[in-house]
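*Asks:* Before I ask anything, here is the structure I am working with.
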4 protein chains.
Amino acid sequence: MINRVVLVGRLTADPDLRYTPNGVAVANFRIAVNRPFTNQQGEREADFLNCVIWRKQAENVANYLKKGSLAGVDGRMQSRSYENQEGRRVTVVEVQAESVQFLEPRGASGGGGSSQGGGYSQQQSSQSSGSGQQNRDSSNLNDDPFSDNGQPIDISDDDLPF
Amino acid sequence: MINRVVLVGRLTADPDLRYTPNGVAVANFRIAVNRPFTNQQGEREADFLNCVIWRKQAENVANYLKKGSLAGVDGRMQSRSYENQEGRRVTVVEVQAESVQFLEPRGASGGGGSSQGGGYSQQQSSQSSGSGQQNRDSSNLNDDPFSDNGQPIDISDDDLPF
Amino acid sequence: MINRVVLVGRLTADPDLRYTPNGVAVANFRIAVNRPFTNQQGEREADFLNCVIWRKQAENVANYLKKGSLAGVDGRMQSRSYENQEGRRVTVVEVQAESVQFLEPRGASGGGGSSQGGGYSQQQSSQSSGSGQQNRDSSNLNDDPFSDNGQPIDISDDDLPF
Amino acid sequence: MINRVVLVGRLTADPDLRYTPNGVAVANFRIAVNRPFTNQQGEREADFLNCVIWRKQAENVANYLKKGSLAGVDGRMQSRSYENQEGRRVTVVEVQAESVQFLEPRGASGGGGSSQGGGYSQQQSSQSSGSGQQNRDSSNLNDDPFSDNGQPIDISDDDLPF
DNA sequence: TTTT
DNA sequence: TTTT
């Protein structure tokens, strides 16, 4: 069924690169997309959208994008559901990116990040992309799957559909 | 900034139509979009995506779509953040639909719903669509903004950007 | 770079299935997409868009879609340029489909076509799809690449980027 | 019906701004979108797509974009058909842009153009955009509707659907 | 919690 | 919690 998302926005933080136990790279990043209209108070709001990308492109994203970088994303909307510590069922919606385009000119420093500059190149998914059933450690006190920085993720490669 | 979503899927339940205190119609509905690949167990999974549509189109959606109906949605991804009873900050991502296309042939009955059939017509947003800062009653025990069926929603029309 | 198209419309004719000399299937079809507004005369116009799809999906399209069928297309816009008999350079824009969704309910007969019914299934490109530099026979009197029905197409498989 | 296009690419020439007899601004521009794969010869090709935008945004495009500028386009595919001097019917496909995003950092000079720099701002269509039945002068020797620079276009405002 |  |  048709499921297509295209976004252009800026990273709100440096990307978070990890590896599955089998060595598959996966990067999470969040982009802020400014709305085309202002709210009742005359302020321009933004939407904050989590994105996931796999394999070689994940490493490229980690190497070339940082907080503040302008990037384009072409992918699919994906929903994922888990139970938090209060036993409440939480549904997370994120974008499974199939390709990411770096829109920062080469040598630009977009924000307060730490890595090297981008350069208008584009990453294309080899496969029609992945899945990302990130069955993170449920004993993790933090149930926001985008904030458990630091630890390796406990995805079995059996969960990956490629 | 570019923010574009196109989905085709089936309603998981009848749409939920409400009115703001000022009489603006707003419909919430969820669609299931089957993934183009199967998971490790060979099962075809789906993504469940919440959609919002405003005004005249909201009433059309409520009149012509029901549980099981096939529909196409063209819109934008929107994020919204609120605090639940545990004081935890929850971020909700939904699709602000700008237009909805009914893909059920006229007279078809897609599922177990209750309303009348669809018919391949399409609704187009007059304005570049709305917002949906649905600041629902915070005393509501249920903090899933898609499950507080029944009560009127307490959106001030001042919150609507059109 | 980002190049994304999503269409839902009806086939204006039966799909045209061919094979390259190396046996790669390619189907051309045209879909009519009704505009969301009416013109000055109050008539609803449509856009007529040529689409191309390769390999297994091409055969599925030929088998399950016919004139009048409702279909969804997810793909990329592609331009192609050739010289017509008058020596005039003509640019053709078509959609390279990466996936096609059949939106006709199983058993439905959409229009005046000839083949069997569709059925809500979807075809997904195995690769991030193809190209289609259809360097058709330039001695062909007809320089509309979508109307040279009948003859085999003279694409060398060397021209295919996969 | 669903008809959605999103592109990111670079202008192949300065935009062409004109006015209808009734004073409605319309800008034509062509963008080159690099393909995500290389051809048989290992070269990266591009698609060249004509875009049209109306009213206030047309003037912004003319003021802020020039040859070489990086831009994002969100719009619809539109087909238009006319007869050339040889009496041959020619179909043109172009993108009716609903919004254009300037992706060149402020002060950047993207290419060999002539006008001033862009600046990451975005133009949003007030209406769900326009049409563009650009019934150009049929006595014009050149039947490429994107190359008849210089003369005013003979669109009656009656042809505009807004 | 989920649609065919 | 957020980007320019």
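Chain labels A, B, ... are given in the sequence in which chains occur in the structure tokens; within each chain residues are numbered consecutively from 1, and ligands are likewise numbered from 1 in the order shown.
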Can you pull out the residues contacting DT3 in chain F? Cut-off 8 Å, using only C-alpha atoms (C1' of nucleotides), and skip same-chain residues under 3 positions away; I want them as a list in words.
*Replies:*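 Once the nearby chain positions are removed, what remains is Gly9, Arg10, Leu11, Thr12, Ile31, Ala32, Val33, Lys67 and Gly68 of chain A.
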*Asks:* Determine, using only C-alpha atoms (C1' of nucleotides), which residues of chain A have any atom at most 12 Å from an atom of chain E, and tabulate each with its shortest atom pair and distance in Å to one decimal place, rows ordered by chain and then rising number, as a tab-separated table.
*Replies:*
residue	atom	partner	partner_atom	distance
A:Met1	CA	E:DT4	C1'	11.5
A:Ser79	CA	E:DT2	C1'	11.8
A:Ser81	CA	E:DT1	C1'	11.0
A:Arg88	CA	E:DT1	C1'	11.9
A:Arg89	CA	E:DT1	C1'	9.4
A:Val90	CA	E:DT1	C1'	11.4
A:Thr91	CA	E:DT1	C1'	11.2
*Asks:* What lies within 6 Å of range 45-62 of chain D using only C-alpha atoms (C1' of nucleotides), ignoring chain neighbours under 4 positions off, as a list in words?
*Replies:*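 Returned residues: Gln78 and Ser79 of chain C; Pro15, Val24, Ala25, Val26, Ala27, Asn28, Phe29, Arg30, Ile31, Ala32, Val33, Asn34, Arg35, Glu94, Val95, Gln96, Ala97 and Gln123 of chain D.
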*Asks:* May I ask for the distance between CA of Val8 in chain D and CA of Asp74 in chain D, given in Å to one decimal place?
*Replies:*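 CA of Asp74 in chain D lies at a distance of 9.1 Å from CA of Val8 in chain D.
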*Asks:* Identify which of the residues B:Val92, B:Glu104, B:Pro21, B:Glu98 lies closest to chain A, counting only C-alpha atoms when measuring atom-to-atom distances.
*Replies:*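 Among the listed residues, B:Val92 lies closest to chain A.
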